[in-house]
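Student: This structure is in structure tokens; I'll ask about it shortly.
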Amino acid sequence: MKLVTIDSIPGKKIEALGIVKGTIVQTKNVGRDIMAGFKTLVGGEVVGYSEMLNEARQIATKRMVDEAEALGADAIVSVRYGSSQVMQGAAEVIAYGTAVKFID
């Protein structure tokens, strides 16, 4: 499955099949959350949260691709990601785009 952030695929004619998305709400365990709290005292990257969001993006992307494959798509164009905090230590990540089929 080809994923692109642009609204077309160079050299390909495409037919839009519809919007596809994948979402996940992910949390970190309490121990890592406490360690992240200490990190705010000294500054720098909070690695535990970076890892959590990277993992969440991967899962959301896979769910989006699965939805596109179920439609018979060849690619997803205009791929975007969004995230929001839904509670302390938990974030929702969404991946979305337009599923397309290549036209011969």
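Letters A, B, ... mark the chains of the structure tokens in the order given; residue numbers begin at 1 per chain; ligand numbers begin at 1, in order shown.
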Determine, counting only C-alpha atoms, which protein, DNA and RNA residues have an atom within 12 Å of an atom of Phe102 (chain A); residues of the same chain fewer than 3 positions away are not included. Present the result as a list in words.
Tutor: Met1, Lys2, Ser8, Ile9, Pro10, Gly11, Lys12, Lys13, Ile14, Glu15, Ala16, Leu17, Gly72, Ala73, Asp74, Ala75, Ile76, Val77 and Ala99 of chain A
Student: Using DSSP on the backbone coordinates, identify all residues within chain A classified as strand (DSSP E or B); present the result as an NGL selection string.
Tutor: :A and (2-3 or 13-27 or 75-87 or 90-103)
Student: Those same residues, written as a PDB file, in the first residue's frame with C-alpha atoms?
Tutor:
ATOM      1  CA  LYS A   2       1.471   3.316  -1.084  1.00  0.00           C
ATOM      2  CA  LEU A   3       0.953   6.180   1.396  1.00  0.00           C
ATOM      3  CA  LYS A  13      -4.582   8.264 -12.644  1.00  0.00           C
ATOM      4  CA  ILE A  14      -6.634   7.625  -9.541  1.00  0.00           C
ATOM      5  CA  GLU A  15     -10.239   7.148  -8.491  1.00  0.00           C
ATOM      6  CA  ALA A  16     -11.193   8.165  -4.950  1.00  0.00           C
ATOM      7  CA  LEU A  17     -12.845   5.395  -2.944  1.00  0.00           C
ATOM      8  CA  GLY A  18     -13.456   7.358   0.241  1.00  0.00           C
ATOM      9  CA  ILE A  19     -11.970   8.549   3.493  1.00  0.00           C
ATOM     10  CA  VAL A  20     -10.152   5.971   5.609  1.00  0.00           C
ATOM     11  CA  LYS A  21      -8.881   6.338   9.151  1.00  0.00           C
ATOM     12  CA  GLY A  22      -7.289   4.519  12.005  1.00  0.00           C
ATOM     13  CA  THR A  23      -7.396   5.572  15.640  1.00  0.00           C
ATOM     14  CA  ILE A  24      -5.976   4.470  18.961  1.00  0.00           C
ATOM     15  CA  VAL A  25      -6.009   5.795  22.504  1.00  0.00           C
ATOM     16  CA  GLN A  26      -2.774   4.804  24.192  1.00  0.00           C
ATOM     17  CA  THR A  27      -1.375   5.218  27.700  1.00  0.00           C
ATOM     18  CA  ALA A  75      -2.918   3.694  -2.205  1.00  0.00           C
ATOM     19  CA  ILE A  76      -3.876   6.361   0.312  1.00  0.00           C
ATOM     20  CA  VAL A  77      -3.336  10.011  -0.604  1.00  0.00           C
ATOM     21  CA  SER A  78      -3.414  13.136   1.558  1.00  0.00           C
ATOM     22  CA  VAL A  79      -2.321  11.165   4.642  1.00  0.00           C
ATOM     23  CA  ARG A  80      -2.479  13.204   7.839  1.00  0.00           C
ATOM     24  CA  TYR A  81      -1.991  12.550  11.547  1.00  0.00           C
ATOM     25  CA  GLY A  82      -3.583  14.190  14.536  1.00  0.00           C
ATOM     26  CA  SER A  83      -3.346  13.683  18.259  1.00  0.00           C
ATOM     27  CA  SER A  84      -4.993  14.921  21.402  1.00  0.00           C
ATOM     28  CA  GLN A  85      -4.792  14.273  25.106  1.00  0.00           C
ATOM     29  CA  VAL A  86      -7.921  12.473  26.299  1.00  0.00           C
ATOM     30  CA  MET A  87      -6.860  12.156  29.949  1.00  0.00           C
ATOM     31  CA  ALA A  90      -3.312   9.081  27.562  1.00  0.00           C
ATOM     32  CA  ALA A  91      -3.305  10.315  23.990  1.00  0.00           C
ATOM     33  CA  GLU A  92      -5.523   9.630  21.015  1.00  0.00           C
ATOM     34  CA  VAL A  93      -3.741   9.376  17.677  1.00  0.00           C
ATOM     35  CA  ILE A  94      -5.621   9.371  14.374  1.00  0.00           C
ATOM     36  CA  ALA A  95      -4.265   8.654  10.906  1.00  0.00           C
ATOM     37  CA  TYR A  96      -6.513   9.537   7.972  1.00  0.00           C
ATOM     38  CA  GLY A  97      -6.466  10.029   4.237  1.00  0.00           C
ATOM     39  CA  THR A  98      -8.282   9.219   1.006  1.00  0.00           C
ATOM     40  CA  ALA A  99      -8.228   5.653  -0.276  1.00  0.00           C
ATOM     41  CA  VAL A 100      -7.707   5.512  -4.043  1.00  0.00           C
ATOM     42  CA  LYS A 101      -7.653   2.931  -6.810  1.00  0.00           C
ATOM     43  CA  PHE A 102      -5.343   3.190  -9.803  1.00  0.00           C
ATOM     44  CA  ILE A 103      -7.098   3.597 -13.148  1.00  0.00           C
TER      45      ILE A 103
END
